[in-house]
$ cat input-v6.pdb   # PDB, C-alpha atoms and all ligand atoms
MODEL        1
ATOM      1  CA  VAL W   1       3.785   4.995 -13.437  1.00  0.00           C
ATOM      2  CA  LEU W   2       0.651   2.937 -14.014  1.00  0.00           C
ATOM      3  CA  LEU W   3       1.268  -0.564 -15.279  1.00  0.00           C
ATOM      4  CA  GLY W   4      -0.597  -3.852 -15.570  1.00  0.00           C
ATOM      5  CA  PRO W   5      -2.450  -5.892 -18.193  1.00  0.00           C
ATOM      6  CA  PHE W   6      -4.422  -4.372 -21.097  1.00  0.00           C
ATOM      7  CA  GLY W   7      -7.946  -3.199 -20.437  1.00  0.00           C
ATOM      8  CA  VAL W   8      -7.856  -3.098 -16.624  1.00  0.00           C
ATOM      9  CA  GLY W   9      -8.527   0.654 -16.482  1.00  0.00           C
ATOM     10  CA  LYS W  10      -5.108   2.328 -16.259  1.00  0.00           C
ATOM     11  CA  THR W  11      -6.025   5.063 -18.721  1.00  0.00           C
ATOM     12  CA  SER W  12      -9.435   5.477 -17.087  1.00  0.00           C
ATOM     13  CA  LEU W  13      -7.876   5.943 -13.637  1.00  0.00           C
ATOM     14  CA  PHE W  14      -5.407   8.409 -15.107  1.00  0.00           C
ATOM     15  CA  ARG W  15      -8.170  10.436 -16.788  1.00  0.00           C
ATOM     16  CA  ARG W  16     -10.423  10.260 -13.745  1.00  0.00           C
ATOM     17  CA  PHE W  17      -7.665  11.463 -11.463  1.00  0.00           C
ATOM     18  CA  VAL W  18      -6.182  14.163 -13.656  1.00  0.00           C
ATOM     19  CA  ASP W  19      -9.233  15.486 -15.549  1.00  0.00           C
ATOM     20  CA  ASN W  20     -12.187  13.947 -13.665  1.00  0.00           C
ATOM     21  CA  GLU W  21     -13.461  12.321 -16.860  1.00  0.00           C
ATOM     22  CA  PHE W  22     -14.564   8.807 -17.754  1.00  0.00           C
ATOM     23  CA  SER W  23     -15.615   7.122 -20.984  1.00  0.00           C
ATOM     24  CA  GLU W  24     -16.863   3.644 -21.842  1.00  0.00           C
ATOM     25  CA  ASP W  25     -15.057   3.645 -25.211  1.00  0.00           C
ATOM     26  CA  TYR W  26     -12.041   1.512 -25.188  1.00  0.00           C
ATOM     27  CA  LYS W  27      -9.058   2.993 -26.947  1.00  0.00           C
ATOM     28  CA  VAL W  28      -5.840   1.091 -26.515  1.00  0.00           C
ATOM     29  CA  THR W  29      -3.006   3.253 -25.222  1.00  0.00           C
ATOM     30  CA  LEU W  30      -0.061   3.314 -27.583  1.00  0.00           C
ATOM     31  CA  GLY W  31       3.223   3.938 -25.854  1.00  0.00           C
ATOM     32  CA  VAL W  32       2.833   6.233 -22.907  1.00  0.00           C
ATOM     33  CA  GLN W  33       0.927   9.406 -21.983  1.00  0.00           C
ATOM     34  CA  ILE W  34       2.279  11.732 -19.348  1.00  0.00           C
ATOM     35  CA  LYS W  35       0.319  14.279 -17.309  1.00  0.00           C
ATOM     36  CA  LYS W  36       1.010  16.347 -14.246  1.00  0.00           C
ATOM     37  CA  LYS W  37      -1.257  17.025 -11.316  1.00  0.00           C
ATOM     38  CA  SER W  38      -0.665  18.974  -8.161  1.00  0.00           C
ATOM     39  CA  VAL W  39      -1.844  17.180  -5.040  1.00  0.00           C
ATOM     40  CA  PRO W  40      -2.355  18.860  -1.657  1.00  0.00           C
ATOM     41  CA  LEU W  41      -0.482  17.288   1.242  1.00  0.00           C
ATOM     42  CA  PRO W  42      -1.875  17.175   4.798  1.00  0.00           C
ATOM     43  CA  ASP W  43       0.802  19.637   5.991  1.00  0.00           C
ATOM     44  CA  GLY W  44      -0.354  22.299   3.521  1.00  0.00           C
ATOM     45  CA  ARG W  45       2.365  21.757   0.952  1.00  0.00           C
ATOM     46  CA  GLU W  46       1.652  20.460  -2.542  1.00  0.00           C
ATOM     47  CA  LEU W  47       3.238  17.655  -4.458  1.00  0.00           C
ATOM     48  CA  SER W  48       3.450  17.887  -8.216  1.00  0.00           C
ATOM     49  CA  MET W  49       2.882  14.334  -9.418  1.00  0.00           C
ATOM     50  CA  VAL W  50       3.985  13.364 -12.904  1.00  0.00           C
ATOM     51  CA  ILE W  51       1.929  10.367 -13.913  1.00  0.00           C
ATOM     52  CA  TRP W  52       2.836   7.994 -16.696  1.00  0.00           C
ATOM     53  CA  ASP W  53       0.019   5.954 -18.203  1.00  0.00           C
ATOM     54  CA  THR W  54       1.677   3.078 -20.034  1.00  0.00           C
ATOM     55  CA  GLU W  55       0.184   0.857 -22.715  1.00  0.00           C
ATOM     56  CA  GLY W  56       0.596  -2.017 -20.246  1.00  0.00           C
ATOM     57  CA  HIS W  57       1.412  -5.610 -21.067  1.00  0.00           C
ATOM     58  CA  SER W  58      -0.395  -8.588 -22.595  1.00  0.00           C
ATOM     59  CA  ASP W  59       0.881 -11.784 -21.017  1.00  0.00           C
ATOM     60  CA  ASN W  60       3.946 -10.863 -19.081  1.00  0.00           C
ATOM     61  CA  VAL W  61       4.795  -7.787 -17.021  1.00  0.00           C
ATOM     62  CA  GLN W  62       8.391  -8.220 -18.170  1.00  0.00           C
ATOM     63  CA  ASP W  63       7.215  -7.042 -21.601  1.00  0.00           C
ATOM     64  CA  THR W  64       6.535  -3.541 -20.195  1.00  0.00           C
ATOM     65  CA  ARG W  65       9.094  -1.235 -21.777  1.00  0.00           C
ATOM     66  CA  LYS W  66      11.923  -0.574 -19.370  1.00  0.00           C
ATOM     67  CA  SER W  67      12.211   3.031 -20.554  1.00  0.00           C
ATOM     68  CA  TYR W  68       8.779   3.716 -18.999  1.00  0.00           C
ATOM     69  CA  LEU W  69       9.780   2.274 -15.658  1.00  0.00           C
ATOM     70  CA  LEU W  70      13.320   3.471 -15.131  1.00  0.00           C
ATOM     71  CA  GLY W  71      13.512   6.451 -12.828  1.00  0.00           C
ATOM     72  CA  SER W  72       9.973   6.178 -11.514  1.00  0.00           C
ATOM     73  CA  HIS W  73       9.407   6.743  -7.798  1.00  0.00           C
ATOM     74  CA  SER W  74       6.298   4.630  -7.610  1.00  0.00           C
ATOM     75  CA  MET W  75       4.715   1.844  -9.625  1.00  0.00           C
ATOM     76  CA  VAL W  76       0.999   1.262  -9.453  1.00  0.00           C
ATOM     77  CA  TYR W  77       0.131  -2.211 -10.652  1.00  0.00           C
ATOM     78  CA  VAL W  78      -3.488  -2.182 -11.783  1.00  0.00           C
ATOM     79  CA  PHE W  79      -5.667  -5.263 -12.251  1.00  0.00           C
ATOM     80  CA  ASP W  80      -9.336  -5.798 -13.086  1.00  0.00           C
ATOM     81  CA  LEU W  81     -11.475  -7.080 -10.207  1.00  0.00           C
ATOM     82  CA  SER W  82     -14.044  -8.360 -12.701  1.00  0.00           C
ATOM     83  CA  ARG W  83     -11.518 -10.491 -14.607  1.00  0.00           C
ATOM     84  CA  PRO W  84      -9.785 -13.039 -12.355  1.00  0.00           C
ATOM     85  CA  GLU W  85      -7.305 -13.821 -15.145  1.00  0.00           C
ATOM     86  CA  THR W  86      -5.770 -10.399 -14.441  1.00  0.00           C
ATOM     87  CA  TYR W  87      -4.978 -11.301 -10.857  1.00  0.00           C
ATOM     88  CA  GLY W  88      -3.411 -14.693 -11.419  1.00  0.00           C
ATOM     89  CA  THR W  89       0.050 -13.280 -11.979  1.00  0.00           C
ATOM     90  CA  ILE W  90       0.137 -10.418  -9.464  1.00  0.00           C
ATOM     91  CA  ILE W  91       2.261 -12.277  -6.933  1.00  0.00           C
ATOM     92  CA  SER W  92       4.926 -13.324  -9.444  1.00  0.00           C
ATOM     93  CA  ASP W  93       4.811  -9.950 -11.228  1.00  0.00           C
ATOM     94  CA  MET W  94       5.346  -8.089  -7.948  1.00  0.00           C
ATOM     95  CA  LYS W  95       8.207 -10.390  -7.036  1.00  0.00           C
ATOM     96  CA  TYR W  96       9.888  -9.624 -10.352  1.00  0.00           C
ATOM     97  CA  LEU W  97       9.291  -5.867 -10.143  1.00  0.00           C
ATOM     98  CA  LYS W  98      10.489  -5.583  -6.544  1.00  0.00           C
ATOM     99  CA  LYS W  99      13.682  -7.357  -7.452  1.00  0.00           C
ATOM    100  CA  GLU W 100      14.287  -5.219 -10.549  1.00  0.00           C
ATOM    101  CA  TYR W 101      13.313  -1.911  -8.896  1.00  0.00           C
ATOM    102  CA  PRO W 102      14.199  -2.235  -5.225  1.00  0.00           C
ATOM    103  CA  LYS W 103      13.837   1.473  -4.383  1.00  0.00           C
ATOM    104  CA  VAL W 104      10.363   1.991  -5.783  1.00  0.00           C
ATOM    105  CA  ILE W 105       7.147   2.385  -3.790  1.00  0.00           C
ATOM    106  CA  PHE W 106       4.784  -0.314  -5.063  1.00  0.00           C
ATOM    107  CA  LYS W 107       1.014  -0.267  -4.936  1.00  0.00           C
ATOM    108  CA  VAL W 108      -1.411  -2.911  -6.143  1.00  0.00           C
ATOM    109  CA  LEU W 109      -4.768  -1.547  -7.173  1.00  0.00           C
ATOM    110  CA  GLY W 110      -7.894  -3.553  -8.032  1.00  0.00           C
ATOM    111  CA  ASN W 111     -10.124  -1.504 -10.350  1.00  0.00           C
ATOM    112  CA  LYS W 112     -13.731  -1.812 -11.662  1.00  0.00           C
ATOM    113  CA  LEU W 113     -15.113  -2.227  -8.167  1.00  0.00           C
ATOM    114  CA  ASP W 114     -18.540  -1.212  -9.533  1.00  0.00           C
ATOM    115  CA  LEU W 115     -18.729  -4.516 -11.459  1.00  0.00           C
ATOM    116  CA  VAL W 116     -18.193  -6.874  -8.532  1.00  0.00           C
ATOM    117  CA  ASN W 117     -19.459  -7.702  -5.075  1.00  0.00           C
ATOM    118  CA  LYS W 118     -16.893  -6.127  -2.779  1.00  0.00           C
ATOM    119  CA  LYS W 119     -17.262  -8.691   0.001  1.00  0.00           C
ATOM    120  CA  GLU W 120     -16.906 -11.692  -2.320  1.00  0.00           C
ATOM    121  CA  VAL W 121     -13.957 -10.293  -4.208  1.00  0.00           C
ATOM    122  CA  THR W 122     -12.146  -9.280  -1.006  1.00  0.00           C
ATOM    123  CA  GLN W 123     -12.509 -12.859   0.237  1.00  0.00           C
ATOM    124  CA  GLN W 124     -11.225 -14.294  -3.054  1.00  0.00           C
ATOM    125  CA  LEU W 125      -8.155 -12.051  -2.942  1.00  0.00           C
ATOM    126  CA  LYS W 126      -7.535 -13.000   0.670  1.00  0.00           C
ATOM    127  CA  ASP W 127      -7.874 -16.733  -0.102  1.00  0.00           C
ATOM    128  CA  GLN W 128      -5.252 -16.343  -2.834  1.00  0.00           C
ATOM    129  CA  ASP W 129      -2.930 -14.247  -0.630  1.00  0.00           C
ATOM    130  CA  ILE W 130      -2.986 -11.379  -3.120  1.00  0.00           C
ATOM    131  CA  PRO W 131      -1.795  -8.160  -1.501  1.00  0.00           C
ATOM    132  CA  VAL W 132      -4.023  -5.242  -2.500  1.00  0.00           C
ATOM    133  CA  ASP W 133      -3.559  -1.613  -1.473  1.00  0.00           C
ATOM    134  CA  ALA W 134      -6.781  -0.180  -2.856  1.00  0.00           C
ATOM    135  CA  LEU W 135     -10.028  -1.096  -4.576  1.00  0.00           C
ATOM    136  CA  THR W 136     -11.280   1.579  -6.959  1.00  0.00           C
ATOM    137  CA  SER W 137     -13.763   2.361  -9.665  1.00  0.00           C
ATOM    138  CA  ALA W 138     -12.647   4.809 -12.318  1.00  0.00           C
ATOM    139  CA  LYS W 139     -16.250   4.765 -13.530  1.00  0.00           C
ATOM    140  CA  THR W 140     -17.990   5.795 -10.302  1.00  0.00           C
ATOM    141  CA  ASP W 141     -14.929   7.657  -8.949  1.00  0.00           C
ATOM    142  CA  LYS W 142     -14.809   5.420  -5.884  1.00  0.00           C
ATOM    143  CA  ASN W 143     -11.498   5.741  -3.989  1.00  0.00           C
ATOM    144  CA  VAL W 144      -9.556   7.174  -6.930  1.00  0.00           C
ATOM    145  CA  LEU W 145      -8.710  10.527  -5.386  1.00  0.00           C
ATOM    146  CA  ASP W 146      -8.041   8.964  -1.975  1.00  0.00           C
ATOM    147  CA  PHE W 147      -5.682   6.473  -3.540  1.00  0.00           C
ATOM    148  CA  PHE W 148      -3.566   9.113  -5.292  1.00  0.00           C
ATOM    149  CA  ASN W 149      -3.649  11.443  -2.287  1.00  0.00           C
ATOM    150  CA  ASN W 150      -2.371   8.646  -0.033  1.00  0.00           C
ATOM    151  CA  LEU W 151       0.295   7.826  -2.584  1.00  0.00           C
ATOM    152  CA  ALA W 152       1.399  11.464  -2.582  1.00  0.00           C
ATOM    153  CA  VAL W 153       1.846  11.252   1.195  1.00  0.00           C
ATOM    154  CA  ASP W 154       3.857   8.012   0.890  1.00  0.00           C
ATOM    155  CA  LEU W 155       6.047   9.609  -1.765  1.00  0.00           C
ATOM    156  CA  THR W 156       7.012  12.454   0.543  1.00  0.00           C
ATOM    157  CA  LYS W 157       7.894  10.262   3.525  1.00  0.00           C
TER     158      LYS W 157
HETATM  159  P1  LIG O 201      -6.209   0.211 -19.895  1.00  0.00           P
HETATM  160  O1  LIG O 201      -5.954  -0.623 -21.117  1.00  0.00           O
HETATM  161  O2  LIG O 201      -5.710  -0.469 -18.660  1.00  0.00           O
HETATM  162  O3  LIG O 201      -5.688   1.603 -20.037  1.00  0.00           O
HETATM  163  O4  LIG O 201      -7.802   0.291 -19.697  1.00  0.00           O
HETATM  164  P2  LIG O 201      -8.818   1.485 -20.078  1.00  0.00           P
HETATM  165  O5  LIG O 201      -8.719   2.578 -19.093  1.00  0.00           O
HETATM  166  O6  LIG O 201      -8.656   1.833 -21.502  1.00  0.00           O
HETATM  167  O7  LIG O 201     -10.228   0.773 -19.814  1.00  0.00           O
HETATM  168  C1  LIG O 201     -10.623  -0.412 -20.500  1.00  0.00           C
HETATM  169  C2  LIG O 201     -12.142  -0.491 -20.519  1.00  0.00           C
HETATM  170  O8  LIG O 201     -12.635  -0.660 -19.189  1.00  0.00           O
HETATM  171  C3  LIG O 201     -12.830   0.785 -21.047  1.00  0.00           C
HETATM  172  O9  LIG O 201     -13.950   0.381 -21.826  1.00  0.00           O
HETATM  173  C4  LIG O 201     -13.270   1.518 -19.804  1.00  0.00           C
HETATM  174  O10 LIG O 201     -14.429   2.296 -20.037  1.00  0.00           O
HETATM  175  C5  LIG O 201     -13.551   0.360 -18.852  1.00  0.00           C
HETATM  176  N1  LIG O 201     -13.314   0.732 -17.442  1.00  0.00           N
HETATM  177  C6  LIG O 201     -12.203   1.291 -16.908  1.00  0.00           C
HETATM  178  N2  LIG O 201     -12.311   1.481 -15.575  1.00  0.00           N
HETATM  179  C7  LIG O 201     -13.562   1.014 -15.264  1.00  0.00           C
HETATM  180  C8  LIG O 201     -14.288   0.923 -14.017  1.00  0.00           C
HETATM  181  O11 LIG O 201     -13.829   1.288 -12.927  1.00  0.00           O
HETATM  182  N3  LIG O 201     -15.540   0.352 -14.104  1.00  0.00           N
HETATM  183  C9  LIG O 201     -16.085  -0.075 -15.286  1.00  0.00           C
HETATM  184  N4  LIG O 201     -17.317  -0.601 -15.245  1.00  0.00           N
HETATM  185  N5  LIG O 201     -15.425   0.000 -16.455  1.00  0.00           N
HETATM  186  C10 LIG O 201     -14.183   0.535 -16.442  1.00  0.00           C
HETATM  187 MG    MG O 202      -4.545   2.447 -21.507  1.00  0.00          MG
ENDMDL
END

$ encode --input "input-v6.pdb" --output "structure tokens"
Amino acid sequence: VLLGPFGVGKTSLFRRFVDNEFSEDYKVTLGVQIKKKSVPLPDGRELSMVIWDTEGHSDNVQDTRKSYLLGSHSMVYVFDLSRPETYGTIISDMKYLKKEYPKVIFKVLGNKLDLVNKKEVTQQLKDQDIPVDALTSAKTDKNVLDFFNNLAVDLTK
């Protein structure tokens, strides 16, 4: 399940990964969209991933509807590298989520890499002790497939 603040690119990552599409138009997700994609594993098997793109939250991750999160095997917390206000609460949000969902595989993903200087932003995240698993751009397709393929491997461990 993809979660995180509004406008960070959850739906764009979802569309890029599943359909290899991207659009600049911003349409707010209402509720949740669910799509399936089969991902090849290094050992030749395939994993059928069921991905939930949630509407996300405005101020507080605790506002994310529980019905979207219950039963998920992995939560991907997306933030916007070009908007520092979306990374101010990652540490506390992750603390809350890990406590509520102790069995879930968590990933933190910084998106919109095309809008920032990678070196500068990496340093800023490091200075603030923000744990990040991947930096992506749904627009340019940077790292999106790799991220989901790696997640598929983690899910089968
Ligand atoms: P969501 O609310 O988290 O689902 O965000 P959306 O996927 O709807 O994206 C919000 C806006 O950001 C849209 O206008 C997208 O076109 C734009 N966007 C999403 N990902 C990227 C990206 O990687 N780079 C750039 N430049 N824009 C992006
Ligand atoms: Mg959306």

$ resolve_selection --input "input-v6.pdb" --expression "the PyMOL selection byres (((chain W and resi 28-39) around 12) and not hetatm)" --output "VMD selection string"
chain W and resid 1 to 3 5 to 12 14 to 20 25 to 27 40 to 58 64 to 69 145 to 153 155 to 156

$ axis_aligned_box --input "input-v6.pdb" --around "ligand LIG 201 (chain O)" --padding-each-side "5 Å" --output "JSON"
{"center_x": -11.5, "center_y": 1.0, "center_z": -17.4, "size_x": 21.6, "size_y": 13.2, "size_z": 18.9}

$ residues_around --input "input-v6.pdb" --residues "Glu100 of chain W" --least-positions-apart "5" --cutoff "10 Å" --atoms "all atoms listed in the file" --output "list in words"
Leu70, Met94 and Lys95 of chain W

$ atom_distance --input "input-v6.pdb" --atom1 "atom P2 of ligand LIG 201 (chain O)" --atom2 "atom CA of Asn143 of chain W"
16.9 Å

$ closest_residue --input "input-v6.pdb" --among "W:Val61, W:Met75, W:Leu81, W:Ile90" --to "Glu120 of chain W" --atoms "all atoms listed in the file"
W:Leu81

$ decode --input "input-v6.pdb" --residues "segment 28-48 of chain W" --atoms "N, CA, C and O atoms" --output "compact mmCIF listing (two decimals), in the first residue's frame"
# COMPACT_ATOMS: atom_id res chain seq x y z
N VAL W 28 -6.79 14.48 -7.67
CA VAL W 28 -6.74 13.92 -6.32
C VAL W 28 -7.36 12.52 -6.32
O VAL W 28 -8.39 12.30 -6.94
N THR W 29 -6.69 11.58 -5.67
CA THR W 29 -7.24 10.24 -5.54
C THR W 29 -8.34 10.27 -4.49
O THR W 29 -8.15 10.80 -3.41
N LEU W 30 -9.49 9.71 -4.84
CA LEU W 30 -10.55 9.58 -3.84
C LEU W 30 -10.59 8.13 -3.41
O LEU W 30 -10.70 7.24 -4.26
N GLY W 31 -10.46 7.90 -2.13
CA GLY W 31 -10.50 6.53 -1.63
C GLY W 31 -9.24 5.79 -2.00
O GLY W 31 -8.14 6.23 -1.70
N VAL W 32 -9.41 4.68 -2.70
CA VAL W 32 -8.26 3.85 -3.01
C VAL W 32 -8.45 3.22 -4.39
O VAL W 32 -9.57 2.97 -4.82
N GLN W 33 -7.35 3.05 -5.12
CA GLN W 33 -7.39 2.29 -6.38
C GLN W 33 -6.50 1.09 -6.19
O GLN W 33 -5.42 1.21 -5.62
N ILE W 34 -6.92 -0.03 -6.76
CA ILE W 34 -6.15 -1.25 -6.58
C ILE W 34 -5.81 -1.85 -7.94
O ILE W 34 -6.69 -1.95 -8.80
N LYS W 35 -4.54 -2.17 -8.15
CA LYS W 35 -4.13 -2.83 -9.39
C LYS W 35 -3.13 -3.93 -9.07
O LYS W 35 -2.43 -3.86 -8.07
N LYS W 36 -3.07 -4.87 -9.99
CA LYS W 36 -2.17 -6.01 -9.82
C LYS W 36 -1.06 -5.94 -10.83
O LYS W 36 -1.30 -5.55 -11.98
N LYS W 37 0.13 -6.36 -10.45
CA LYS W 37 1.19 -6.50 -11.44
C LYS W 37 2.09 -7.67 -11.06
O LYS W 37 2.47 -7.83 -9.91
N SER W 38 2.43 -8.45 -12.06
CA SER W 38 3.29 -9.59 -11.85
C SER W 38 4.73 -9.14 -11.99
O SER W 38 5.09 -8.49 -12.96
N VAL W 39 5.56 -9.49 -11.00
CA VAL W 39 6.94 -9.05 -10.99
C VAL W 39 7.86 -10.26 -11.01
O VAL W 39 7.68 -11.19 -10.21
N PRO W 40 8.84 -10.28 -11.92
CA PRO W 40 9.75 -11.42 -11.96
C PRO W 40 10.73 -11.39 -10.78
O PRO W 40 11.24 -10.33 -10.43
N LEU W 41 10.95 -12.55 -10.20
CA LEU W 41 11.91 -12.66 -9.10
C LEU W 41 13.23 -13.20 -9.66
O LEU W 41 13.23 -13.87 -10.68
N PRO W 42 14.35 -12.92 -8.96
CA PRO W 42 15.65 -13.36 -9.46
C PRO W 42 15.75 -14.88 -9.66
O PRO W 42 16.50 -15.35 -10.50
N ASP W 43 14.96 -15.65 -8.89
CA ASP W 43 15.05 -17.12 -9.02
C ASP W 43 14.14 -17.67 -10.12
O ASP W 43 13.97 -18.88 -10.24
N GLY W 44 13.54 -16.78 -10.92
CA GLY W 44 12.73 -17.24 -12.04
C GLY W 44 11.24 -17.31 -11.73
O GLY W 44 10.42 -17.40 -12.64
N ARG W 45 10.90 -17.26 -10.45
CA ARG W 45 9.47 -17.26 -10.13
C ARG W 45 8.90 -15.86 -10.37
O ARG W 45 9.64 -14.92 -10.69
N GLU W 46 7.59 -15.73 -10.18
CA GLU W 46 6.97 -14.41 -10.31
C GLU W 46 6.15 -14.14 -9.06
O GLU W 46 5.57 -15.06 -8.48
N LEU W 47 6.11 -12.88 -8.69
CA LEU W 47 5.27 -12.50 -7.57
C LEU W 47 4.15 -11.61 -8.10
O LEU W 47 4.41 -10.64 -8.80
N SER W 48 2.92 -11.97 -7.77
CA SER W 48 1.81 -11.12 -8.16
C SER W 48 1.60 -10.09 -7.06
O SER W 48 1.20 -10.43 -5.95
